[in-house]
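Coordinates as given in final.txt (compact mmCIF, C-alpha atoms):
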# COMPACT_ATOMS: atom_id res chain seq x y z
CA MET B 207 94.93 121.26 80.39
CA ASN B 208 94.20 118.78 77.62
CA LYS B 209 92.14 115.68 78.23
CA ALA B 210 94.90 113.10 77.91
CA LYS B 211 97.04 114.77 80.54
CA ALA B 212 94.14 114.97 83.01
CA GLU B 213 93.42 111.28 82.49
CA LEU B 214 97.09 110.43 82.95
CA LEU B 215 97.21 112.31 86.26
CA VAL B 216 94.00 110.61 87.45
CA GLY B 217 95.71 107.31 86.63
CA PHE B 218 98.69 108.29 88.80
CA PHE B 219 96.24 109.31 91.57
CA VAL B 220 94.64 105.85 91.50
CA LEU B 221 98.05 104.15 91.52
CA LEU B 222 99.14 106.29 94.48
CA THR B 223 96.02 105.17 96.36
CA VAL B 224 96.79 101.53 95.58
CA ALA B 225 100.36 102.05 96.82
CA ALA B 226 99.05 103.61 100.06
CA LEU B 227 96.64 100.70 100.54
CA MET B 228 99.51 98.24 100.00
CA LEU B 229 101.56 100.05 102.64
CA LEU B 230 98.63 99.85 105.08
CA ALA B 231 98.03 96.18 104.28
CA LEU B 232 101.64 94.98 104.39
CA ARG B 233 103.38 97.21 106.93
CA VAL B 234 100.65 98.60 109.20
CA ALA B 235 97.86 96.04 109.69
CA ASN B 236 98.57 92.61 111.10
CA GLN B 237 98.40 89.64 108.80
CA ASN B 238 95.99 87.64 110.99
CA LEU B 239 98.45 84.80 111.49
CA SER B 240 96.03 82.30 112.94
CA THR B 241 92.91 83.07 110.96
CA GLU B 242 94.65 82.33 107.68
CA GLY B 243 95.53 78.75 106.88
CA GLU B 244 94.72 75.61 108.81
CA THR B 245 94.16 75.83 112.55
CA TYR B 246 93.09 73.49 115.30
CA THR B 247 91.24 74.23 118.53
CA LEU B 248 92.34 73.63 122.10
CA TYR B 249 90.59 74.45 125.38
CA ALA B 250 92.00 75.47 128.74
CA LYS B 251 90.22 76.05 132.03
CA PHE B 252 91.60 78.67 134.42
CA ASP B 253 90.72 79.97 137.89
CA ASN B 254 91.30 83.53 136.82
CA ILE B 255 92.21 84.90 133.39
CA GLY B 256 93.01 88.46 134.47
CA SER B 257 92.53 90.84 131.54
CA LEU B 258 93.00 88.26 128.77
CA ARG B 259 90.83 89.10 125.77
CA ALA B 260 89.69 87.41 122.58
CA ARG B 261 92.47 87.79 119.95
CA SER B 262 95.22 87.81 122.61
CA ALA B 263 98.30 85.97 121.40
CA VAL B 264 99.31 82.42 122.32
CA LYS B 265 103.10 82.16 122.46
CA VAL B 266 105.62 79.37 122.83
CA GLY B 267 108.89 80.84 124.07
CA GLY B 268 107.93 84.23 122.63
CA VAL B 269 106.90 82.91 119.20
CA THR B 270 103.23 83.51 118.39
CA VAL B 271 101.61 80.19 117.41
CA GLY B 272 97.94 81.13 117.70
CA ARG B 273 95.30 83.36 119.23
CA VAL B 274 92.55 83.25 121.81
CA LEU B 275 89.29 82.65 119.93
CA SER B 276 86.76 83.20 122.70
CA ILE B 277 86.37 83.18 126.47
CA SER B 278 83.31 81.77 128.20
CA LEU B 279 82.26 80.69 131.68
CA ASP B 280 81.79 77.00 132.45
CA GLU B 281 78.16 76.49 133.54
CA GLU B 282 78.99 73.84 136.15
CA ASP B 283 81.94 75.08 138.18
CA PHE B 284 81.87 78.77 137.17
CA SER B 285 85.45 78.90 135.98
CA PRO B 286 86.50 80.63 132.77
CA VAL B 287 87.14 78.42 129.73
CA VAL B 288 89.43 79.80 127.03
CA LYS B 289 89.14 78.54 123.46
CA LEU B 290 92.43 78.68 121.58
CA SER B 291 93.05 78.54 117.86
CA ILE B 292 96.54 77.20 117.10
CA SER B 293 98.12 77.18 113.66
CA SER B 294 98.40 73.65 112.27
CA GLU B 295 102.06 74.32 111.45
CA HIS B 296 102.68 74.08 115.17
CA SER B 297 101.12 70.78 116.15
CA GLY B 298 102.32 67.90 118.26
CA PHE B 299 102.47 69.52 121.69
CA PRO B 300 102.41 66.67 124.29
CA GLU B 301 99.47 66.33 126.66
CA THR B 302 101.70 67.30 129.55
CA SER B 303 102.05 70.86 128.19
CA SER B 304 100.97 73.73 130.40
CA VAL B 305 99.54 77.21 129.71
CA SER B 306 99.84 80.28 131.90
CA VAL B 307 98.51 83.83 131.65
CA LEU B 308 101.53 86.10 131.29
CA THR B 309 102.01 89.85 130.91
CA ALA B 310 104.13 91.48 128.21
CA GLY B 311 106.39 93.92 130.04
CA LEU B 312 105.44 95.56 133.31
CA LEU B 313 102.17 97.16 132.16
CA GLY B 314 101.73 95.49 128.78
CA GLU B 315 98.81 93.44 127.63
CA GLN B 316 98.31 89.84 128.69
CA TYR B 317 98.95 86.78 126.55
CA LEU B 318 98.97 83.03 126.99
CA GLY B 319 102.32 81.28 127.35
CA LEU B 320 102.28 77.66 126.21
CA GLN B 321 105.04 75.56 127.79
CA PRO B 322 105.55 72.26 125.96
CA GLY B 323 105.76 69.33 128.37
CA PHE B 324 107.88 66.18 128.32
CA SER B 325 107.05 63.51 125.83
CA ILE B 326 107.51 59.80 126.59
CA ASP B 327 105.80 56.63 125.44
CA GLY B 328 102.18 56.43 126.42
CA ILE B 329 101.64 60.19 126.31
CA ASP B 330 99.63 61.41 123.32
CA ASN B 331 99.89 64.74 121.58
CA LEU B 332 97.24 67.45 121.98
CA GLY B 333 94.71 67.23 119.14
CA ASP B 334 91.69 69.19 117.98
CA GLY B 335 89.22 69.85 120.82
CA ASP B 336 91.46 68.64 123.67
CA TYR B 337 91.64 70.35 127.06
CA ILE B 338 95.02 71.44 128.40
CA GLN B 339 95.00 70.14 131.96
CA ASP B 340 97.89 72.05 133.51
CA THR B 341 97.00 75.78 133.71
CA LYS B 342 98.37 78.65 135.76
CA SER B 343 96.13 81.65 136.39
CA ALA B 344 96.88 85.32 135.99
CA LEU B 345 98.63 87.16 138.81
CA VAL B 346 96.16 89.53 140.45
CA LEU B 347 97.86 92.49 142.04
CA GLU B 348 95.44 92.72 145.00
CA ASP B 349 95.97 89.04 145.87
CA LEU B 350 99.71 89.53 145.69
CA ILE B 351 99.59 92.52 148.06
CA GLY B 352 97.28 90.60 150.41
CA GLN B 353 99.71 87.68 150.49
CA PHE B 354 102.61 90.01 151.17
CA LEU B 355 100.81 91.68 154.10
CA PHE B 356 99.80 88.30 155.54
CA ASN B 357 103.38 87.00 155.38
CA ASP B 358 104.64 90.17 157.00
CA LYS B 359 102.33 89.68 159.99
CA GLY B 360 103.44 86.07 160.43
CA GLU B 361 107.07 86.95 161.07
CA MET E 749 51.57 137.77 117.22
CA LEU E 750 49.90 136.23 114.20
CA ARG E 751 52.76 137.49 112.07
CA PHE E 752 55.25 135.68 114.35
CA VAL E 753 53.34 132.41 114.04
CA GLN E 754 53.22 132.94 110.28
CA SER E 755 56.98 133.46 110.10
CA VAL E 756 57.58 130.26 112.12
CA GLY E 757 55.32 128.38 109.75
CA ALA E 758 57.03 129.84 106.71
CA SER E 759 60.50 128.87 107.94
CA VAL E 760 59.38 125.31 108.74
CA ILE E 761 57.82 124.90 105.29
CA GLU E 762 60.95 126.39 103.70
CA THR E 763 63.21 123.95 105.63
CA ILE E 764 61.13 120.96 104.62
CA ALA E 765 61.01 122.12 101.02
CA THR E 766 64.81 122.50 101.02
CA ILE E 767 65.26 118.99 102.37
CA GLY E 768 62.89 117.75 99.70
CA ARG E 769 64.78 119.52 96.91
CA ALA E 770 68.09 118.20 98.26
CA GLY E 771 66.67 114.68 98.33
CA LEU E 772 65.33 114.92 94.79
CA MET E 773 68.69 116.21 93.55
CA LEU E 774 70.56 113.43 95.38
CA ALA E 775 68.23 110.83 93.88
CA GLY E 776 68.80 112.31 90.42
CA ALA E 777 72.57 112.24 90.88
CA LEU E 778 72.61 108.75 92.41
CA PHE E 779 70.71 107.18 89.54
CA ALA E 780 72.87 108.88 86.92
CA LEU E 781 75.70 106.40 87.50
CA PRO E 782 78.83 107.02 85.44
CA THR E 783 78.13 105.31 82.15
CA LEU E 784 80.59 105.01 79.29
CA GLN E 785 79.43 108.33 77.86
CA ASN E 786 79.90 110.45 80.93
CA MET E 787 82.83 108.41 82.30
CA ARG E 788 85.09 110.94 80.58
CA LEU E 789 83.30 113.79 82.39
CA THR E 790 83.66 111.99 85.72
CA ILE E 791 87.36 111.39 85.15
CA LYS E 792 87.84 115.07 84.36
CA GLN E 793 86.08 115.96 87.62
CA ILE E 794 88.22 113.45 89.56
CA TYR E 795 91.17 115.39 88.19
CA VAL E 796 89.67 118.66 89.43
CA VAL E 797 88.49 117.59 92.90
CA GLY E 798 90.90 114.71 93.58
CA VAL E 799 94.24 115.21 91.92
CA GLN E 800 94.31 118.96 92.56
CA SER E 801 93.60 118.33 96.28
CA LEU E 802 96.50 115.90 96.47
CA LEU E 803 99.14 118.47 97.42
CA ILE E 804 97.28 119.89 100.43
CA ILE E 805 96.36 116.36 101.58
CA ILE E 806 99.94 115.08 101.35
CA VAL E 807 101.44 118.10 103.09
CA SER E 808 98.91 118.11 105.94
CA GLY E 809 99.12 114.32 106.34
CA LEU E 810 102.91 114.49 106.59
CA PHE E 811 102.88 117.30 109.15
CA ILE E 812 100.05 115.86 111.27
CA GLY E 813 101.90 112.52 111.45
CA MET E 814 105.12 114.29 112.37
CA VAL E 815 103.49 116.42 115.07
CA MET E 816 101.72 113.42 116.59
CA ALA E 817 104.98 111.50 116.76
CA LEU E 818 106.68 114.47 118.43
CA GLN E 819 103.90 115.03 120.99
CA GLY E 820 103.30 111.35 121.63
CA TYR E 821 106.98 110.71 122.16
CA THR E 822 107.35 113.32 124.92
CA ILE E 823 104.46 111.70 126.86
CA LEU E 824 105.31 108.07 126.19
CA VAL E 825 109.03 108.36 126.94
CA GLY E 826 108.11 109.27 130.54
CA TYR E 827 106.68 105.76 130.95
CA GLY E 828 109.44 104.10 128.97
CA ALA E 829 106.74 103.16 126.48
CA GLU E 830 108.10 104.90 123.37
CA GLY E 831 107.68 101.56 121.56
CA SER E 832 103.94 102.29 121.54
CA LEU E 833 104.49 105.34 119.32
CA GLY E 834 103.65 103.28 116.21
CA PRO E 835 100.14 102.24 117.27
CA LEU E 836 99.46 105.71 118.70
CA VAL E 837 100.18 107.37 115.36
CA ALA E 838 98.64 104.64 113.20
CA LEU E 839 95.41 104.15 115.15
CA SER E 840 94.61 107.83 115.56
CA LEU E 841 95.30 108.46 111.87
CA LEU E 842 93.38 105.46 110.54
CA ARG E 843 90.39 105.74 112.84
CA GLU E 844 89.91 109.48 113.22
CA LEU E 845 92.31 112.01 111.77
CA GLY E 846 92.61 110.50 108.30
CA PRO E 847 88.89 110.51 107.44
CA VAL E 848 87.98 113.65 109.42
CA VAL E 849 90.82 116.00 108.46
CA THR E 850 90.59 114.85 104.85
CA ALA E 851 86.85 115.60 104.85
CA LEU E 852 87.38 119.06 106.39
CA LEU E 853 90.16 119.93 103.93
CA PHE E 854 88.09 118.53 101.08
CA ALA E 855 85.11 120.67 102.09
CA GLY E 856 87.31 123.76 102.06
CA ARG E 857 89.38 122.96 98.99
CA ALA E 858 86.97 121.15 96.65
CA GLY E 859 83.51 121.59 98.20
CA SER E 860 83.56 125.38 98.07
CA ALA E 861 84.82 125.28 94.47
CA LEU E 862 81.99 122.92 93.47
CA THR E 863 79.38 125.21 95.03
CA ALA E 864 80.80 128.33 93.40
CA GLU E 865 81.09 126.65 90.01
CA ILE E 866 77.55 125.26 89.93
CA GLY E 867 76.15 128.44 91.49
CA LEU E 868 77.77 130.56 88.81
CA MET E 869 76.49 128.20 86.12
CA LYS E 870 73.03 128.82 87.52
CA ALA E 871 73.50 132.59 87.77
CA THR E 872 74.70 132.84 84.16
CA GLU E 873 71.80 130.62 83.11
CA GLN E 874 74.02 127.90 81.72
CA LEU E 875 71.89 125.30 83.48
CA SER E 876 68.72 126.68 81.87
CA SER E 877 70.45 126.67 78.47
CA LEU E 878 71.31 123.01 78.93
CA GLU E 879 67.67 122.27 79.67
CA MET E 880 66.64 124.23 76.58
CA MET E 881 68.88 121.92 74.54
CA ALA E 882 67.19 118.91 76.16
CA VAL E 883 70.32 118.03 78.14
CA ASP E 884 69.53 117.09 81.73
CA PRO E 885 71.81 119.25 83.94
CA LEU E 886 71.54 116.61 86.68
CA ARG E 887 73.18 114.06 84.37
CA ARG E 888 75.56 116.37 82.56
CA VAL E 889 76.72 118.68 85.38
CA VAL E 890 75.72 117.34 88.78
CA ALA E 891 76.22 113.56 88.51
CA PRO E 892 79.86 113.59 87.29
CA ARG E 893 80.85 116.02 90.05
CA PHE E 894 78.97 114.04 92.69
CA TRP E 895 80.53 110.71 91.76
CA ALA E 896 83.97 112.25 91.37
CA GLY E 897 83.75 113.63 94.92
CA VAL E 898 82.46 110.36 96.36
CA MET E 899 85.26 108.41 94.69
CA SER E 900 88.07 110.87 95.38
CA MET E 901 87.66 111.48 99.09
CA PRO E 902 88.18 107.90 100.36
CA MET E 903 91.26 107.67 98.13
CA LEU E 904 92.56 110.94 99.56
CA ALA E 905 91.89 109.70 103.11
CA ILE E 906 93.87 106.49 102.49
CA ILE E 907 96.79 108.50 101.11
CA PHE E 908 96.55 110.91 104.06
CA SER E 909 96.80 108.07 106.61
CA ALA E 910 99.66 106.35 104.82
CA ILE E 911 101.65 109.58 104.46
CA GLY E 912 100.95 110.46 108.10
CA ILE E 913 102.28 107.11 109.29
CA LEU E 914 105.42 107.65 107.20
CA GLY E 915 105.71 111.16 108.69
CA GLY E 916 105.48 109.65 112.17
CA TYR E 917 108.23 107.23 111.20
CA LEU E 918 110.38 110.10 109.97
CA VAL E 919 110.19 111.98 113.27
CA GLY E 920 109.88 109.04 115.67
CA VAL E 921 112.56 106.77 114.24
CA ASP E 922 114.94 108.96 112.28
CA TRP E 923 114.95 111.95 114.59
CA LEU E 924 113.93 110.83 118.11
CA GLY E 925 115.52 107.39 117.90
CA VAL E 926 112.59 105.02 118.51
CA ASP E 927 113.58 101.54 117.36
CA SER E 928 112.50 101.04 113.75
CA GLY E 929 111.54 97.39 114.28
CA SER E 930 109.34 98.13 117.26
CA TYR E 931 107.65 101.05 115.46
CA TRP E 932 106.35 98.68 112.76
CA SER E 933 105.89 95.47 114.75
CA VAL E 934 103.99 96.99 117.71
CA MET E 935 101.87 98.80 115.12
CA GLN E 936 101.15 95.52 113.34
CA ALA E 937 100.21 93.85 116.61
CA SER E 938 97.51 96.40 117.40
CA VAL E 939 96.15 97.55 114.02
CA GLU E 940 93.58 95.22 112.55
CA TRP E 941 92.69 95.38 108.87
CA ASN E 942 88.97 94.64 109.25
CA VAL E 943 88.38 96.87 112.25
CA ASP E 944 90.68 99.86 111.99
CA VAL E 945 91.50 100.26 108.30
CA MET E 946 88.08 99.24 106.95
CA ASN E 947 86.07 101.32 109.43
CA GLY E 948 88.23 104.33 108.53
CA VAL E 949 87.44 103.78 104.86
CA ILE E 950 83.72 103.36 105.59
CA LYS E 951 83.78 106.61 107.58
CA SER E 952 85.40 108.50 104.76
CA ILE E 953 82.88 107.13 102.23
CA VAL E 954 80.06 108.45 104.44
CA PHE E 955 81.81 111.83 104.79
CA ALA E 956 82.38 111.92 101.03
CA LEU E 957 78.66 111.40 100.35
CA VAL E 958 77.64 114.09 102.83
CA VAL E 959 80.23 116.74 101.90
CA THR E 960 79.74 116.36 98.15
CA TRP E 961 75.97 116.31 98.53
CA ILE E 962 75.96 119.53 100.57
CA ALA E 963 78.43 121.25 98.22
CA ILE E 964 76.54 120.42 95.06
CA PHE E 965 73.10 121.09 96.48
CA LYS E 966 74.17 124.47 97.87
CA GLY E 967 75.41 125.44 94.40
CA PHE E 968 72.36 124.05 92.65
CA ASP E 969 70.01 125.79 95.07
CA ALA E 970 71.91 129.08 95.36
CA VAL E 971 70.17 132.41 94.85
CA PRO E 972 71.53 133.36 91.40
CA THR E 973 73.19 136.61 92.43
CA SER E 974 76.77 137.32 93.44
CA GLU E 975 75.66 137.64 97.08
CA GLY E 976 73.71 134.39 96.88
CA ILE E 977 76.72 132.48 95.53
CA SER E 978 79.03 133.89 98.18
CA ALA E 979 76.54 132.94 100.93
CA ALA E 980 76.12 129.46 99.43
CA THR E 981 79.90 128.91 99.36
CA THR E 982 80.23 129.93 103.00
CA GLN E 983 77.33 127.72 104.00
CA THR E 984 78.88 124.77 102.17
CA VAL E 985 82.07 124.95 104.22
CA VAL E 986 80.26 125.54 107.52
CA TYR E 987 77.51 122.95 107.09
CA ALA E 988 79.84 120.33 105.65
CA SER E 989 82.36 120.75 108.49
CA LEU E 990 79.67 120.57 111.16
CA ALA E 991 78.05 117.54 109.52
CA VAL E 992 81.41 115.75 109.33
CA LEU E 993 82.24 116.39 112.99
CA GLY E 994 78.78 115.37 114.20
CA LEU E 995 78.64 112.26 112.04
CA ASP E 996 82.15 111.32 113.13
CA PHE E 997 81.03 111.13 116.75
CA ILE E 998 78.03 108.96 115.85
CA LEU E 999 80.07 106.65 113.61
CA THR E 1000 82.85 106.33 116.20
CA ALA E 1001 80.31 105.44 118.87
CA LEU E 1002 78.78 102.79 116.59
CA MET E 1003 82.10 101.34 115.39
CA PHE E 1004 84.39 101.49 118.41
CA GLY E 1005 82.19 102.57 121.33
CA ILE E 1006 80.58 99.29 122.34
CA GLN E 1007 82.93 96.34 122.48
Output the file's structure as structure tokens, nothing else.
Amino acid sequence: MNKAKAELLVGFFVLLTVAALMLLALRVANQNLSTEGETYTLYAKFDNIGSLRARSAVKVGGVTVGRVLSISLDEEDFSPVVKLSISSEHSGFPETSSVSVLTAGLLGEQYLGLQPGFSIDGIDNLGDGDYIQDTKSALVLEDLIGQFLFNDKGE
Amino acid sequence: MLRFVQSVGASVIETIATIGRAGLMLAGALFALPTLQNMRLTIKQIYVVGVQSLLIIIVSGLFIGMVMALQGYTILVGYGAEGSLGPLVALSLLRELGPVVTALLFAGRAGSALTAEIGLMKATEQLSSLEMMAVDPLRRVVAPRFWAGVMSMPMLAIIFSAIGILGGYLVGVDWLGVDSGSYWSVMQASVEWNVDVMNGVIKSIVFALVVTWIAIFKGFDAVPTSEGISAATTQTVVYASLAVLGLDFILTALMFGIQ
């Protein structure tokens, strides 16, 4: 094995590694939609967020427009406050928009569904740091069963 | 009784002395960074330990990815969740199997060869001859092999994971009929570059340091007889494999355990 051939094969080895890394970067790992580029921050206060986590998706009609940045508990009324980071490409949601905690599929992970509201004169758009007023909490299975049993007794 | 106490003492001193020699050798190899002069030597060693391990890495990566897709599919299809095959294959390869199996194969394929080579150099007094000619064997022999191992193994682990994911695609999508779009998109939704890919690479760098260190030290410290070299080669494979498995648990607990 002469030296030049060994060096050539090492070169191919390095290129193969770069190709594998490219595959991992482009096809396998997510491209961090909301952490790249400009974003703005919105807040939403829920009664119950279910199993929502930081980095859960925020979707409008199934299209991901942002991610959950962090979840904290309000010190005054002990309700969870969710901090959302929305891509600046998708701005101009009216103040009447609502968010709800939804589940992908029957057993899938939970995400936030943003439902754009109506827009008429006198209603501003949601800007950086605004609270979304209209929120719907996660469905908790135990509550649902409890409700069902209660209704059953009533009849 | 006294003889027993003496033998305990002797073995403790011997263990500590071995650790000390291993540390000194590691320090010598670490500070002999590849310079322009011995860059050529390092590249030649990358050819020996890296390129020549490529075939076994590619074949095992392909088959492990294919087997995981096959096994995962039979479980997941019962829940109608065969769309999650992508993240199952990708996460287990990137986080665990890629770095660990690569390190085990590397210990067997390249580590044992390094030990035998350096051990035989010692037995035939080539290392002493180098010292006679005022050439530092740590710089000339040990450092290029050490750095070649440390550089090659993470590259092999990345190739292993990528090939395994393609193998999973081959079985999952082309044979079992999982939707191609959901294989990639569900994978993208759950694999994160900073967490999963980078921690896998960090793991394999740690394994590379440990396996190469053990392999080279065992050769450098071998009893210069044919029996000594054979024992050193066996110990390299055993110690390196155990160290990789133990370290993997600790690293996994640190990286993914507490969230």
Determine, using only C-alpha atoms, which residues of chain E have any atom at most 6 Å from an atom of chain B, and tabulate each with its shortest atom pair and distance in Å to one decimal place, rows ordered by chain and then rising number, as a tab-separated table.
residue	atom	partner	partner_atom	distance
E:Tyr795	CA	B:Val216	CA	5.6
E:Met903	CA	B:Thr223	CA	5.7
E:Ile907	CA	B:Ala226	CA	5.5
E:Ala910	CA	B:Ala226	CA	5.5
E:Gln936	CA	B:Asn236	CA	4.5
E:Ala937	CA	B:Asn236	CA	5.9
E:Val939	CA	B:Ala235	CA	4.9
E:Glu940	CA	B:Ala235	CA	5.2
E:Trp941	CA	B:Ala235	CA	5.3
(message) Need the shell around Met869 of chain E: protein/DNA/RNA residues with any atom at most 10 Å away, counting all atoms listed in the file. Skip same-chain ones fewer than 4 positions apart. Format as a PyMOL selection string?
(response) chain E and resi 863-865+873-877+889+967-968+972
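Considering the residues E:Tyr827, E:Tyr821, E:Phe779, E:Tyr917 and counting all atoms listed in the file, Pro892 of chain E has its shortest atom-to-atom contact with E:Phe779.
Distances here use only C-alpha atoms; by that measure, the residue among B:Asp253, B:Glu295, B:Glu301, B:Glu244 closest to Ile338 of chain B is B:Glu301.
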(request) With a distance cut-off of 7 Å and all atoms listed in the file, select the neighbouring residues of Ala817 of chain E, excluding the residue or stretch itself and same-chain residues fewer than 4 positions from it, and output the selection as JSON, numbers by chain. (result) {"E": [813, 821, 833, 837, 916, 919, 920]}
(message) When you look at Leu347 of chain B with a cut-off of 12 Å (counting only C-alpha atoms), what residues show up, excluding the ones that are within fewer than 3 positions of it in the same chain? I need them as a PyMOL selection string.
(response) chain B and resi 256-257+312-313+344+350-354
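Across the model, the gap from atom CA of Gly268 of chain B to atom CA of Asp280 of chain B is 28.8 Å.
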(request) Kindly give the distance, in Å, that separates atom CA of Ser808 of chain E and atom CA of Phe955 of chain E, rounded to a single decimal. (result) 18.3 Å
(request) Kindly indicate which residue among E:Gly948, E:Gly976, E:Gly897, E:Gly994 lies nearest to Arg857 of chain E, using only C-alpha atoms for the distances. (result) E:Gly897
(request) Provide the atom CA of Gln339 of chain B to atom CA of Thr245 of chain B distance in Å, to one decimal place. (result) 20.2 Å
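Comparing the minimum interatomic distances between Arg261 of chain B and each of B:Ser276, B:Ser343, B:Gln321, B:Ser294, counting all atoms listed in the file, we find that B:Ser276 sits nearest.
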(request) Between E:Leu839, E:Leu990, E:Ala882, E:Ala855, single out the one closest to Phe1004 of chain E, counting all atoms listed in the file. (result) E:Leu839
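With distances restricted to all atoms listed in the file, B:Leu320 is the closest residue to Thr270 of chain B from B:Leu320, B:Leu221, B:Val305, B:Ile329.
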Block slice segment 928-989 of chain E, C-alpha atoms, emitted as an mmCIF file, in the first residue's frame:
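out_16.cif, written as the output of this step:
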data_model
loop_
_atom_site.group_PDB
_atom_site.id
_atom_site.type_symbol
_atom_site.label_atom_id
_atom_site.label_comp_id
_atom_site.auth_asym_id
_atom_site.auth_seq_id
_atom_site.Cartn_x
_atom_site.Cartn_y
_atom_site.Cartn_z
ATOM 1 C CA SER E 928 -42.065 7.064 3.360
ATOM 2 C CA GLY E 929 -43.171 10.605 4.250
ATOM 3 C CA SER E 930 -44.132 9.694 7.791
ATOM 4 C CA TYR E 931 -40.879 7.752 8.323
ATOM 5 C CA TRP E 932 -38.849 10.934 7.731
ATOM 6 C CA SER E 933 -41.226 13.590 9.066
ATOM 7 C CA VAL E 934 -42.071 11.877 12.381
ATOM 8 C CA MET E 935 -38.325 11.274 12.761
ATOM 9 C CA GLN E 936 -37.621 14.958 12.164
ATOM 10 C CA ALA E 937 -40.250 15.961 14.700
ATOM 11 C CA SER E 938 -38.637 13.977 17.506
ATOM 12 C CA VAL E 939 -34.889 14.013 16.769
ATOM 13 C CA GLU E 940 -33.140 17.154 17.927
ATOM 14 C CA TRP E 941 -29.728 18.090 16.579
ATOM 15 C CA ASN E 942 -28.328 19.544 19.815
ATOM 16 C CA VAL E 943 -29.661 16.854 22.123
ATOM 17 C CA ASP E 944 -29.679 13.567 20.240
ATOM 18 C CA VAL E 945 -27.070 13.893 17.497
ATOM 19 C CA MET E 946 -24.555 15.952 19.492
ATOM 20 C CA ASN E 947 -24.780 13.856 22.659
ATOM 21 C CA GLY E 948 -24.218 10.744 20.544
ATOM 22 C CA VAL E 949 -21.089 12.325 19.073
ATOM 23 C CA ILE E 950 -19.857 13.387 22.533
ATOM 24 C CA LYS E 951 -20.402 9.828 23.780
ATOM 25 C CA SER E 952 -18.408 8.355 20.957
ATOM 26 C CA ILE E 953 -15.545 10.823 21.519
ATOM 27 C CA VAL E 954 -15.386 9.693 25.159
ATOM 28 C CA PHE E 955 -15.469 6.026 24.100
ATOM 29 C CA ALA E 956 -12.778 6.710 21.508
ATOM 30 C CA LEU E 957 -10.463 8.210 24.155
ATOM 31 C CA VAL E 958 -11.010 5.305 26.549
ATOM 32 C CA VAL E 959 -10.765 2.440 24.036
ATOM 33 C CA THR E 960 -7.677 3.816 22.293
ATOM 34 C CA TRP E 961 -6.029 4.625 25.602
ATOM 35 C CA ILE E 962 -6.580 1.100 26.935
ATOM 36 C CA ALA E 963 -5.459 -0.518 23.668
ATOM 37 C CA ILE E 964 -2.247 1.452 23.385
ATOM 38 C CA PHE E 965 -1.352 1.258 27.055
ATOM 39 C CA LYS E 966 -1.901 -2.509 27.146
ATOM 40 C CA GLY E 967 0.501 -2.870 24.219
ATOM 41 C CA PHE E 968 3.021 -0.442 25.656
ATOM 42 C CA ASP E 969 2.910 -2.130 29.055
ATOM 43 C CA ALA E 970 2.759 -5.739 27.836
ATOM 44 C CA VAL E 971 5.153 -8.363 29.158
ATOM 45 C CA PRO E 972 7.478 -8.734 26.134
ATOM 46 C CA THR E 973 6.856 -12.432 25.524
ATOM 47 C CA SER E 974 4.427 -14.163 23.196
ATOM 48 C CA GLU E 975 2.241 -15.085 26.185
ATOM 49 C CA GLY E 976 2.357 -11.526 27.497
ATOM 50 C CA ILE E 977 1.224 -10.084 24.162
ATOM 51 C CA SER E 978 -1.609 -12.578 23.841
ATOM 52 C CA ALA E 979 -2.785 -11.776 27.394
ATOM 53 C CA ALA E 980 -2.519 -8.036 26.699
ATOM 54 C CA THR E 981 -4.611 -8.360 23.523
ATOM 55 C CA THR E 982 -7.325 -10.271 25.367
ATOM 56 C CA GLN E 983 -7.319 -7.761 28.197
ATOM 57 C CA THR E 984 -7.651 -4.894 25.734
ATOM 58 C CA VAL E 985 -10.870 -6.276 24.276
ATOM 59 C CA VAL E 986 -12.338 -7.223 27.663
ATOM 60 C CA TYR E 987 -11.406 -4.041 29.542
ATOM 61 C CA ALA E 988 -12.346 -1.753 26.675
ATOM 62 C CA SER E 989 -15.758 -3.407 26.229
#
